[in-house]
file run.cif (mmCIF, C-alpha atoms)
data_data
loop_
_atom_site.group_PDB
_atom_site.id
_atom_site.type_symbol
_atom_site.label_atom_id
_atom_site.label_comp_id
_atom_site.auth_asym_id
_atom_site.auth_seq_id
_atom_site.Cartn_x
_atom_site.Cartn_y
_atom_site.Cartn_z
ATOM 1 C CA MET V 191 4.484 4.147 -10.518
ATOM 2 C CA GLY V 192 3.283 2.016 -7.640
ATOM 3 C CA THR V 193 0.066 3.710 -6.562
ATOM 4 C CA LEU V 194 -3.178 1.770 -7.029
ATOM 5 C CA PRO V 195 -5.842 3.775 -5.161
ATOM 6 C CA GLN V 196 -8.712 1.737 -6.597
ATOM 7 C CA PHE V 197 -7.910 -1.108 -4.192
ATOM 8 C CA ALA V 198 -8.694 -1.293 -0.485
ATOM 9 C CA ASP V 199 -5.427 -2.898 0.538
ATOM 10 C CA ALA V 200 -2.224 -4.536 -0.675
ATOM 11 C CA GLY V 201 -3.873 -7.954 -0.878
ATOM 12 C CA GLU V 202 -6.379 -6.721 -3.458
ATOM 13 C CA ALA V 203 -3.639 -4.935 -5.404
ATOM 14 C CA PHE V 204 -1.502 -8.065 -5.482
ATOM 15 C CA ARG V 205 -4.379 -10.303 -6.594
ATOM 16 C CA TRP V 206 -5.127 -7.988 -9.530
ATOM 17 C CA GLN V 207 -1.485 -7.844 -10.608
ATOM 18 C CA ARG V 208 -0.942 -11.599 -10.201
ATOM 19 C CA GLY V 209 -4.190 -12.294 -12.053
ATOM 20 C CA GLU V 210 -5.085 -9.827 -14.791
ATOM 21 C CA LEU V 211 -1.504 -8.622 -15.328
ATOM 22 C CA ALA V 212 0.279 -11.935 -14.830
ATOM 23 C CA GLY V 213 3.453 -12.139 -16.894
ATOM 24 C CA GLN V 214 3.275 -8.486 -17.985
ATOM 25 C CA LEU V 215 5.040 -6.720 -15.083
ATOM 26 C CA ARG V 216 8.646 -5.809 -14.411
ATOM 27 C CA ARG V 217 7.843 -5.002 -10.765
ATOM 28 C CA ILE V 218 4.938 -5.603 -8.400
ATOM 29 C CA SER V 219 3.476 -3.053 -5.983
ATOM 30 C CA GLY V 220 1.358 -3.189 -2.855
ATOM 31 C CA GLY V 221 -0.531 -0.218 -4.290
ATOM 32 C CA GLU V 222 0.379 2.237 -1.512
ATOM 33 C CA THR V 223 -3.202 2.016 -0.315
ATOM 34 C CA GLY V 224 -4.865 3.451 2.776
ATOM 35 C CA LYS V 225 -2.937 6.154 4.595
ATOM 36 C CA ARG V 226 0.066 5.588 2.316
ATOM 37 C CA LEU V 227 -1.867 7.315 -0.476
ATOM 38 C CA GLN V 228 -0.926 10.517 1.357
ATOM 39 C CA TRP V 229 2.794 9.943 0.741
ATOM 40 C CA PHE V 230 4.675 11.279 3.797
ATOM 41 C CA VAL V 231 1.725 13.184 5.327
ATOM 42 C CA PRO V 232 1.284 10.433 7.977
ATOM 43 C CA VAL V 233 4.906 11.069 8.987
ATOM 44 C CA VAL V 234 4.036 14.713 9.588
ATOM 45 C CA LYS V 235 0.980 13.848 11.682
ATOM 46 C CA GLU V 236 2.973 11.398 13.790
ATOM 47 C CA LEU V 237 5.772 13.908 14.275
ATOM 48 C CA LYS V 238 3.253 16.495 15.467
ATOM 49 C CA SER V 239 2.108 14.230 18.266
ATOM 50 C CA SER V 240 5.581 13.009 19.236
ATOM 51 C CA GLY V 241 6.764 16.000 21.251
ATOM 52 C CA ALA V 242 9.932 16.215 19.133
ATOM 53 C CA VAL V 243 8.717 19.292 17.246
ATOM 54 C CA ARG V 244 6.785 22.506 17.711
ATOM 55 C CA VAL V 245 3.781 23.177 15.479
ATOM 56 C CA VAL V 246 3.868 26.558 13.739
ATOM 57 C CA LYS V 247 0.932 25.940 11.434
ATOM 58 C CA ASP V 248 -1.752 23.269 11.157
ATOM 59 C CA GLY V 249 -2.892 22.015 7.776
ATOM 60 C CA ASP V 250 -5.017 19.337 6.126
ATOM 61 C CA TRP V 251 -2.759 18.936 3.060
ATOM 62 C CA THR V 252 -5.512 19.666 0.558
ATOM 63 C CA GLY V 253 -3.209 22.027 -1.350
ATOM 64 C CA TYR V 254 0.154 23.748 -1.167
ATOM 65 C CA ASP V 255 -1.270 26.525 1.012
ATOM 66 C CA ASP V 256 -2.847 24.034 3.438
ATOM 67 C CA THR V 257 0.117 22.150 4.880
ATOM 68 C CA ASP V 258 1.525 21.672 8.352
ATOM 69 C CA ARG V 259 4.657 23.607 9.198
ATOM 70 C CA LEU V 260 6.846 22.363 12.030
ATOM 71 C CA VAL V 261 10.041 23.541 13.709
ATOM 72 C CA ALA V 262 12.597 21.612 15.735
ATOM 73 C CA ARG V 263 15.822 22.665 17.349
ATOM 74 C CA ARG V 264 17.375 19.285 16.643
ATOM 75 C CA LEU V 265 15.905 16.208 15.013
ATOM 76 C CA GLU V 266 17.396 12.738 15.369
ATOM 77 C CA PRO V 267 16.828 10.045 12.701
ATOM 78 C CA GLY V 268 15.157 7.799 15.264
ATOM 79 C CA GLN V 269 12.537 10.477 15.919
ATOM 80 C CA ILE V 270 11.342 10.423 12.306
ATOM 81 C CA PRO V 271 8.478 7.902 12.070
ATOM 82 C CA LEU V 272 9.163 6.380 8.674
ATOM 83 C CA HIS V 273 7.461 2.997 8.400
ATOM 84 C CA ILE V 274 8.790 2.062 4.970
ATOM 85 C CA ALA V 275 10.452 -1.138 6.150
ATOM 86 C CA ASP V 276 7.496 -2.286 8.268
ATOM 87 C CA ASP V 277 5.107 -1.853 5.341
ATOM 88 C CA ALA V 278 7.452 -3.444 2.805
ATOM 89 C CA LEU V 279 8.255 -6.502 4.932
ATOM 90 C CA ALA V 280 4.544 -7.029 5.640
ATOM 91 C CA GLU V 281 3.904 -6.990 1.885
ATOM 92 C CA PHE V 282 6.666 -9.543 1.272
ATOM 93 C CA GLU V 283 5.030 -11.840 3.819
ATOM 94 C CA LEU V 284 1.640 -11.315 2.194
ATOM 95 C CA LEU V 285 3.056 -12.345 -1.180
ATOM 96 C CA ARG V 286 4.652 -15.444 0.313
ATOM 97 C CA ALA V 287 1.436 -16.416 2.081
ATOM 98 C CA SER V 288 -0.446 -16.163 -1.222
ATOM 99 C CA GLY V 289 1.999 -18.552 -2.882
ATOM 100 C CA THR V 290 3.309 -15.896 -5.293
ATOM 101 C CA PRO V 291 6.430 -14.455 -3.634
ATOM 102 C CA ALA V 292 8.432 -11.587 -5.051
ATOM 103 C CA THR V 293 11.474 -12.647 -7.081
ATOM 104 C CA ALA V 294 14.553 -10.976 -8.529
ATOM 105 C CA GLU V 295 12.826 -11.081 -11.929
ATOM 106 C CA GLU V 296 9.615 -9.518 -10.558
ATOM 107 C CA PRO V 297 10.650 -7.632 -7.401
ATOM 108 C CA LEU V 298 8.492 -5.688 -4.996
ATOM 109 C CA GLN V 299 8.699 -1.960 -5.672
ATOM 110 C CA VAL V 300 8.957 0.154 -2.519
ATOM 111 C CA GLY V 301 8.535 3.940 -2.631
ATOM 112 C CA VAL V 302 10.965 6.135 -0.692
ATOM 113 C CA PRO V 303 10.139 9.867 -0.383
ATOM 114 C CA GLY V 304 13.089 12.126 -1.134
ATOM 115 C CA TYR V 305 14.885 13.157 2.041
ATOM 116 C CA LEU V 306 15.276 16.732 0.777
ATOM 117 C CA ASP V 307 11.589 16.862 -0.113
ATOM 118 C CA MET V 308 10.509 15.754 3.351
ATOM 119 C CA ALA V 309 12.773 18.285 5.046
ATOM 120 C CA LEU V 310 11.526 21.114 2.810
ATOM 121 C CA PHE V 311 7.792 20.372 2.893
ATOM 122 C CA ILE V 312 7.707 19.758 6.638
ATOM 123 C CA PHE V 313 10.178 22.338 7.960
ATOM 124 C CA GLY V 314 10.452 24.923 5.178
ATOM 125 C CA PRO V 315 13.598 26.127 3.366
ATOM 126 C CA LEU V 316 15.679 26.302 6.556
ATOM 127 C CA GLY V 317 14.650 22.745 7.295
ATOM 128 C CA VAL V 318 16.627 21.521 4.293
ATOM 129 C CA PHE V 319 19.825 22.801 5.905
ATOM 130 C CA LYS V 320 18.953 21.847 9.471
ATOM 131 C CA HIS V 321 17.244 18.490 9.098
ATOM 132 C CA ALA V 322 17.995 16.956 5.683
ATOM 133 C CA ARG V 323 20.763 14.777 7.124
ATOM 134 C CA ALA V 324 18.400 13.347 9.747
ATOM 135 C CA PHE V 325 15.888 12.431 7.045
ATOM 136 C CA LEU V 326 18.673 10.925 4.924
ATOM 137 C CA ARG V 327 19.859 8.731 7.792
ATOM 138 C CA ALA V 328 16.293 7.708 8.628
ATOM 139 C CA ALA V 329 15.724 6.644 5.010
ATOM 140 C CA ASP V 330 19.087 4.825 5.020
ATOM 141 C CA ALA V 331 17.977 2.700 7.964
ATOM 142 C CA GLN V 332 14.709 1.767 6.255
ATOM 143 C CA ILE V 333 16.392 0.830 2.978
ATOM 144 C CA SER V 334 19.122 -1.198 4.678
ATOM 145 C CA ARG V 335 16.606 -3.147 6.764
ATOM 146 C CA VAL V 336 14.547 -4.223 3.750
ATOM 147 C CA ARG V 337 17.609 -4.942 1.643
ATOM 148 C CA ALA V 338 19.106 -7.128 4.391
ATOM 149 C CA ALA V 339 15.906 -9.165 4.564
ATOM 150 C CA GLU V 340 15.006 -9.432 0.884
ATOM 151 C CA GLY V 341 18.123 -8.826 -1.203
ATOM 152 C CA ASP V 342 17.477 -8.314 -4.902
ATOM 153 C CA ARG V 343 13.759 -9.087 -4.521
ATOM 154 C CA VAL V 344 13.195 -5.382 -3.787
ATOM 155 C CA VAL V 345 13.659 -2.257 -5.895
ATOM 156 C CA PHE V 346 13.423 1.135 -4.176
ATOM 157 C CA GLN V 347 11.722 3.994 -6.001
ATOM 158 C CA LEU V 348 13.259 7.362 -5.087
ATOM 159 C CA GLU V 349 10.489 9.990 -5.391
ATOM 160 C CA LEU V 350 11.995 13.352 -6.298
ATOM 161 C CA PRO V 351 9.766 16.369 -7.013
ATOM 162 C CA LEU V 352 12.133 18.947 -5.509
ATOM 163 C CA ALA V 353 14.995 18.029 -7.816
ATOM 164 C CA LEU V 354 12.961 18.286 -11.019
ATOM 165 C CA ILE V 355 11.299 21.520 -9.952
ATOM 166 C CA ALA V 356 14.719 23.051 -9.182
ATOM 167 C CA VAL V 357 16.069 22.072 -12.600
ATOM 168 C CA THR V 358 12.929 23.291 -14.368
ATOM 169 C CA ALA V 359 13.134 26.656 -12.585
ATOM 170 C CA ALA V 360 16.813 27.158 -13.456
ATOM 171 C CA PRO V 361 17.714 29.457 -16.386
ATOM 172 C CA PRO V 362 18.682 27.333 -19.415
ATOM 173 C CA PRO V 363 22.397 28.312 -19.228
ATOM 174 C CA LEU V 364 22.512 26.983 -15.634
ATOM 175 C CA ARG V 365 20.273 23.969 -16.148
ATOM 176 C CA ARG V 366 23.012 21.371 -16.528
ATOM 177 C CA LEU V 367 24.878 22.696 -13.486
ATOM 178 C CA VAL V 368 21.724 22.573 -11.336
ATOM 179 C CA ALA V 369 20.906 19.114 -12.692
ATOM 180 C CA GLU V 370 24.344 17.799 -11.727
ATOM 181 C CA LEU V 371 24.046 19.254 -8.223
ATOM 182 C CA MET V 372 20.565 17.846 -7.679
ATOM 183 C CA ALA V 373 21.575 14.452 -9.081
ATOM 184 C CA PHE V 374 24.497 14.312 -6.654
ATOM 185 C CA LEU V 375 22.208 15.111 -3.718
ATOM 186 C CA VAL V 376 19.241 12.908 -4.561
ATOM 187 C CA THR V 377 21.292 9.803 -5.354
ATOM 188 C CA ARG V 378 22.881 9.817 -1.900
ATOM 189 C CA PRO V 379 20.403 7.251 -0.527
ATOM 190 C CA ALA V 380 21.502 4.887 -3.287
ATOM 191 C CA ALA V 381 25.191 5.606 -2.706
ATOM 192 C CA ARG V 382 24.821 4.907 1.015
ATOM 193 C CA ALA V 383 22.793 1.721 0.532
ATOM 194 C CA PRO V 384 24.362 -1.753 0.675
ATOM 195 C CA GLU V 385 26.063 -2.789 -2.543
ATOM 196 C CA GLY V 386 23.689 -4.502 -4.939
ATOM 197 C CA THR V 387 20.636 -2.523 -3.818
ATOM 198 C CA ARG V 388 18.342 -1.825 -6.780
ATOM 199 C CA PHE V 389 16.792 1.590 -7.389
ATOM 200 C CA GLY V 390 14.437 3.417 -9.682
ATOM 201 C CA VAL V 391 13.861 7.171 -9.953
ATOM 202 C CA HIS V 392 10.433 8.833 -10.073
ATOM 203 C CA LEU V 393 10.704 12.439 -11.255
ATOM 204 C CA CYS V 394 7.588 14.577 -10.838
ATOM 205 C CA PHE V 395 6.271 18.154 -10.722
ATOM 206 C CA GLY V 396 3.962 17.835 -7.722
ATOM 207 C CA ASP V 397 0.392 16.600 -7.357
ATOM 208 C CA LEU V 398 -0.907 17.934 -4.056
ATOM 209 C CA GLY V 399 -4.600 18.605 -4.590
ATOM 210 C CA HIS V 400 -3.943 17.479 -8.190
ATOM 211 C CA ARG V 401 -1.983 20.680 -8.817
ATOM 212 C CA ALA V 402 1.627 20.808 -9.924
ATOM 213 C CA LEU V 403 4.170 23.142 -8.375
ATOM 214 C CA ARG V 404 5.406 23.861 -11.875
ATOM 215 C CA GLN V 405 4.325 22.983 -15.414
ATOM 216 C CA PRO V 406 7.052 22.066 -17.917
ATOM 217 C CA ARG V 407 7.366 24.021 -21.154
ATOM 218 C CA SER V 408 9.460 21.284 -22.737
ATOM 219 C CA ALA V 409 11.026 17.960 -21.872
ATOM 220 C CA ALA V 410 14.477 19.572 -21.643
ATOM 221 C CA PRO V 411 14.637 19.897 -17.806
ATOM 222 C CA MET V 412 13.623 16.287 -17.197
ATOM 223 C CA VAL V 413 16.126 15.071 -19.790
ATOM 224 C CA ALA V 414 18.871 17.129 -18.140
ATOM 225 C CA LEU V 415 18.087 15.699 -14.706
ATOM 226 C CA ALA V 416 17.590 12.123 -15.915
ATOM 227 C CA ASN V 417 20.928 12.205 -17.745
ATOM 228 C CA ALA V 418 22.630 13.625 -14.661
ATOM 229 C CA VAL V 419 21.106 10.930 -12.434
ATOM 230 C CA VAL V 420 22.324 8.239 -14.834
ATOM 231 C CA ARG V 421 25.822 9.739 -14.817
ATOM 232 C CA ARG V 422 25.785 10.007 -11.012
ATOM 233 C CA ARG V 423 24.309 6.592 -10.299
ATOM 234 C CA PRO V 424 26.488 4.872 -7.705
ATOM 235 C CA ALA V 425 28.557 1.920 -8.822
ATOM 236 C CA GLY V 426 27.195 -1.411 -7.668
ATOM 237 C CA ARG V 427 23.644 -0.090 -7.147
ATOM 238 C CA PRO V 428 21.649 -0.902 -10.300
ATOM 239 C CA LEU V 429 19.340 1.799 -11.665
ATOM 240 C CA ASP V 430 16.339 -0.179 -12.926
ATOM 241 C CA PHE V 431 14.164 2.620 -14.282
ATOM 242 C CA VAL V 432 13.640 6.377 -14.663
ATOM 243 C CA HIS V 433 10.152 7.894 -14.749
ATOM 244 C CA LEU V 434 9.715 11.122 -16.724
ATOM 245 C CA PRO V 435 6.443 13.051 -16.235
ATOM 246 C CA MET V 436 5.124 14.670 -19.388
ATOM 247 C CA SER V 437 2.849 16.997 -17.407
ATOM 248 C CA GLY V 438 2.099 17.994 -13.837
ATOM 249 C CA GLY V 439 -0.998 17.747 -11.641
ATOM 250 C CA ASP V 440 -4.238 17.474 -13.590
ATOM 251 C CA GLU V 441 -2.863 19.064 -16.781
ATOM 252 C CA PRO V 442 -2.893 16.835 -19.884
ATOM 253 C CA PRO V 443 0.402 16.211 -21.670
ATOM 254 C CA PRO V 444 1.242 18.633 -24.495
ATOM 255 C CA THR V 445 0.560 17.642 -28.099
ATOM 256 C CA SER V 446 3.314 19.767 -29.655
ATOM 257 C CA ALA V 447 6.183 17.785 -31.178
ATOM 258 C CA ALA V 448 8.578 20.552 -30.101
ATOM 259 C CA PHE V 449 7.872 19.733 -26.436
ATOM 260 C CA TYR V 450 9.216 16.208 -26.879
ATOM 261 C CA ALA V 451 12.178 17.024 -29.164
ATOM 262 C CA PRO V 452 14.705 17.144 -26.249
ATOM 263 C CA LEU V 453 14.014 13.452 -25.589
ATOM 264 C CA ARG V 454 16.455 12.750 -28.421
ATOM 265 C CA ARG V 455 19.184 13.764 -25.973
ATOM 266 C CA LEU V 456 18.105 11.268 -23.314
ATOM 267 C CA ARG V 457 20.902 8.868 -22.361
ATOM 268 C CA ALA V 458 19.413 6.431 -19.889
ATOM 269 C CA GLY V 459 21.852 3.580 -20.398
ATOM 270 C CA SER V 460 20.359 0.253 -19.328
ATOM 271 C CA ALA V 461 17.584 1.853 -17.240
ATOM 272 C CA VAL V 462 14.029 1.478 -18.507
ATOM 273 C CA VAL V 463 12.454 4.861 -19.282
ATOM 274 C CA VAL V 464 8.798 5.269 -18.268
ATOM 275 C CA ALA V 465 6.910 8.266 -19.673
ATOM 276 C CA GLY V 466 3.853 9.368 -17.695
ATOM 277 C CA SER V 467 1.039 11.828 -18.361
ATOM 278 C CA ARG V 468 0.433 12.387 -14.644
ATOM 279 C CA THR V 469 2.721 12.561 -11.656
ATOM 280 C CA SER V 470 0.678 10.050 -9.644
ATOM 281 C CA GLY V 471 -2.768 8.805 -8.798
ATOM 282 C CA ARG V 472 -2.585 9.956 -5.200
ATOM 283 C CA THR V 473 -5.264 12.143 -3.719
ATOM 284 C CA SER V 474 -3.069 14.088 -1.330
ATOM 285 C CA ARG V 475 0.565 14.209 -2.133
ATOM 286 C CA PRO V 476 3.222 16.842 -2.835
ATOM 287 C CA SER V 477 4.892 14.640 -5.434
#

call {"tool": "encode", "arguments": {"input": "run.cif", "output": "structure tokens"}}
result
Amino acid sequence: MGTLPQFADAGEAFRWQRGELAGQLRRISGGETGKRLQWFVPVVKELKSSGAVRVVKDGDWTGYDDTDRLVARRLEPGQIPLHIADDALAEFELLRASGTPATAEEPLQVGVPGYLDMALFIFGPLGVFKHARAFLRAADAQISRVRAAEGDRVVFQLELPLALIAVTAAPPPLRRLVAELMAFLVTRPAARAPEGTRFGVHLCFGDLGHRALRQPRSAAPMVALANAVVRRRPAGRPLDFVHLPMSGGDEPPPTSAAFYAPLRRLRAGSAVVVAGSRTSGRTSRPS
């Protein structure tokens, strides 16, 4: 889903994809190498040193009990050090310099952490209410900048552990209601993006320290959320793909046919469905 930790940098990742995988890809990725393997942890570290927040707890992000916890009275979008656009535009230039630029048929995939997820993991439950809008607006600015420069040569991957965990934790009678609510919230970056912006959705159960926040008992929650996301997808913003994790953390996928039976109810429309046995290959990431 975009992460290629076996490579030292985006150049190596691109050379492998353009060489060994030539003609086999729907999207190309810079591999999210280096510090980007830590998902939004570098954002946390930069925030800590910015003076915009107060540190309540220091952490190394080796597991869910070893994270930073910050507080802020008020957080402005411009204070949130997202570097999504800088990294993406540098990768576009690298592809052009190599003579194999991204195209609409084989666009560059750019990961975007969920704005709710960042607010929750960095500031705790109250942070979702206090700071989610600031994270949403910060992500908006990054998406709009790349879209303005590259048009349909980019597809943004929305990375959404919180939404899937919420749906999985909901009692079955409330699952569809929770799925609809989460789909409405998590598709807001797409709805606010310029018309024509392409998106994909990466659902996951968590992988910080290779441990999931929750293990699925069946595919039903992910089907409920995927269907809700498809129904809620904003007009004029194509949904290219939906990733469904078949397990969380370092757990192998189940072998029981009953686990996968709910997939018969999946209604993904024109989006490509990608089934995964792991949430990611990252070494330090809460999604």

call {"tool": "resolve_selection", "arguments": {"input": "run.cif", "expression": "the PyMOL selection byres ((chain V and resi 388) around 6)", "output": "PyMOL selection string"}}
result
chain V and resi 345+387+389+427-428

call {"tool": "closest_residue", "arguments": {"input": "run.cif", "among": "V:Ser239, V:Ser219, V:Thr257, V:Ser446", "to": "Leu310 in chain V", "atoms": "only C-alpha atoms"}}
result
V:Thr257

call {"tool": "atom_distance", "arguments": {"input": "run.cif", "atom1": "CA of Leu316 in chain V", "atom2": "CA of Pro267 in chain V"}}
result
17.4 Å

call {"tool": "resolve_selection", "arguments": {"input": "run.cif", "expression": "the PyMOL selection byres ((chain V and resi 308) around 12)", "output": "PyMOL selection string"}}
result
chain V and resi 229-234+258-260+270-272+302-307+309-315+317-319+321-326+328-329+349-352+475-477

call {"tool": "write_last_selection", "arguments": {"input": "run.cif", "atoms": "C-alpha atoms", "output": "compact mmCIF listing (two decimals), in the coordinates of the input"}}
result
# COMPACT_ATOMS: atom_id res chain seq x y z
CA TRP V 229 2.79 9.94 0.74
CA PHE V 230 4.68 11.28 3.80
CA VAL V 231 1.72 13.18 5.33
CA PRO V 232 1.28 10.43 7.98
CA VAL V 233 4.91 11.07 8.99
CA VAL V 234 4.04 14.71 9.59
CA ASP V 258 1.52 21.67 8.35
CA ARG V 259 4.66 23.61 9.20
CA LEU V 260 6.85 22.36 12.03
CA ILE V 270 11.34 10.42 12.31
CA PRO V 271 8.48 7.90 12.07
CA LEU V 272 9.16 6.38 8.67
CA VAL V 302 10.96 6.14 -0.69
CA PRO V 303 10.14 9.87 -0.38
CA GLY V 304 13.09 12.13 -1.13
CA TYR V 305 14.88 13.16 2.04
CA LEU V 306 15.28 16.73 0.78
CA ASP V 307 11.59 16.86 -0.11
CA ALA V 309 12.77 18.28 5.05
CA LEU V 310 11.53 21.11 2.81
CA PHE V 311 7.79 20.37 2.89
CA ILE V 312 7.71 19.76 6.64
CA PHE V 313 10.18 22.34 7.96
CA GLY V 314 10.45 24.92 5.18
CA PRO V 315 13.60 26.13 3.37
CA GLY V 317 14.65 22.74 7.30
CA VAL V 318 16.63 21.52 4.29
CA PHE V 319 19.82 22.80 5.90
CA HIS V 321 17.24 18.49 9.10
CA ALA V 322 18.00 16.96 5.68
CA ARG V 323 20.76 14.78 7.12
CA ALA V 324 18.40 13.35 9.75
CA PHE V 325 15.89 12.43 7.04
CA LEU V 326 18.67 10.92 4.92
CA ALA V 328 16.29 7.71 8.63
CA ALA V 329 15.72 6.64 5.01
CA GLU V 349 10.49 9.99 -5.39
CA LEU V 350 12.00 13.35 -6.30
CA PRO V 351 9.77 16.37 -7.01
CA LEU V 352 12.13 18.95 -5.51
CA ARG V 475 0.56 14.21 -2.13
CA PRO V 476 3.22 16.84 -2.84
CA SER V 477 4.89 14.64 -5.43

call {"tool": "axis_aligned_box", "arguments": {"input": "run.cif", "around": "range 230-242 of chain V", "padding_each_side": "3 Å", "output": "lines of an AutoDock Vina configuration file"}}
result
center_x = 5.5
center_y = 13.5
center_z = 12.5
size_x = 15.0
size_y = 12.1
size_z = 23.5

call {"tool": "residues_around", "arguments": {"input": "run.cif", "residues": "Ala461 in chain V", "least_positions_apart": "4", "cutoff": "8 Å", "atoms": "all atoms listed in the file", "output": "ChimeraX atom specification"}}
result
/V:429-432

call {"tool": "closest_residue", "arguments": {"input": "run.cif", "among": "V:Pro411, V:Gly426, V:Pro435, V:Pro384", "to": "Arg455 in chain V", "atoms": "only C-alpha atoms"}}
result
V:Pro411

call {"tool": "residues_near_point", "arguments": {"input": "run.cif", "point": "(18.6, -6.3, -2.7)", "cutoff": "7 Å", "atoms": "all atoms listed in the file", "output": "PyMOL selection string"}}
result
chain V and resi 337+340-344+386-388

call {"tool": "atom_distance", "arguments": {"input": "run.cif", "atom1": "CA of Gly241 in chain V", "atom2": "CA of Leu227 in chain V"}}
result
24.9 Å
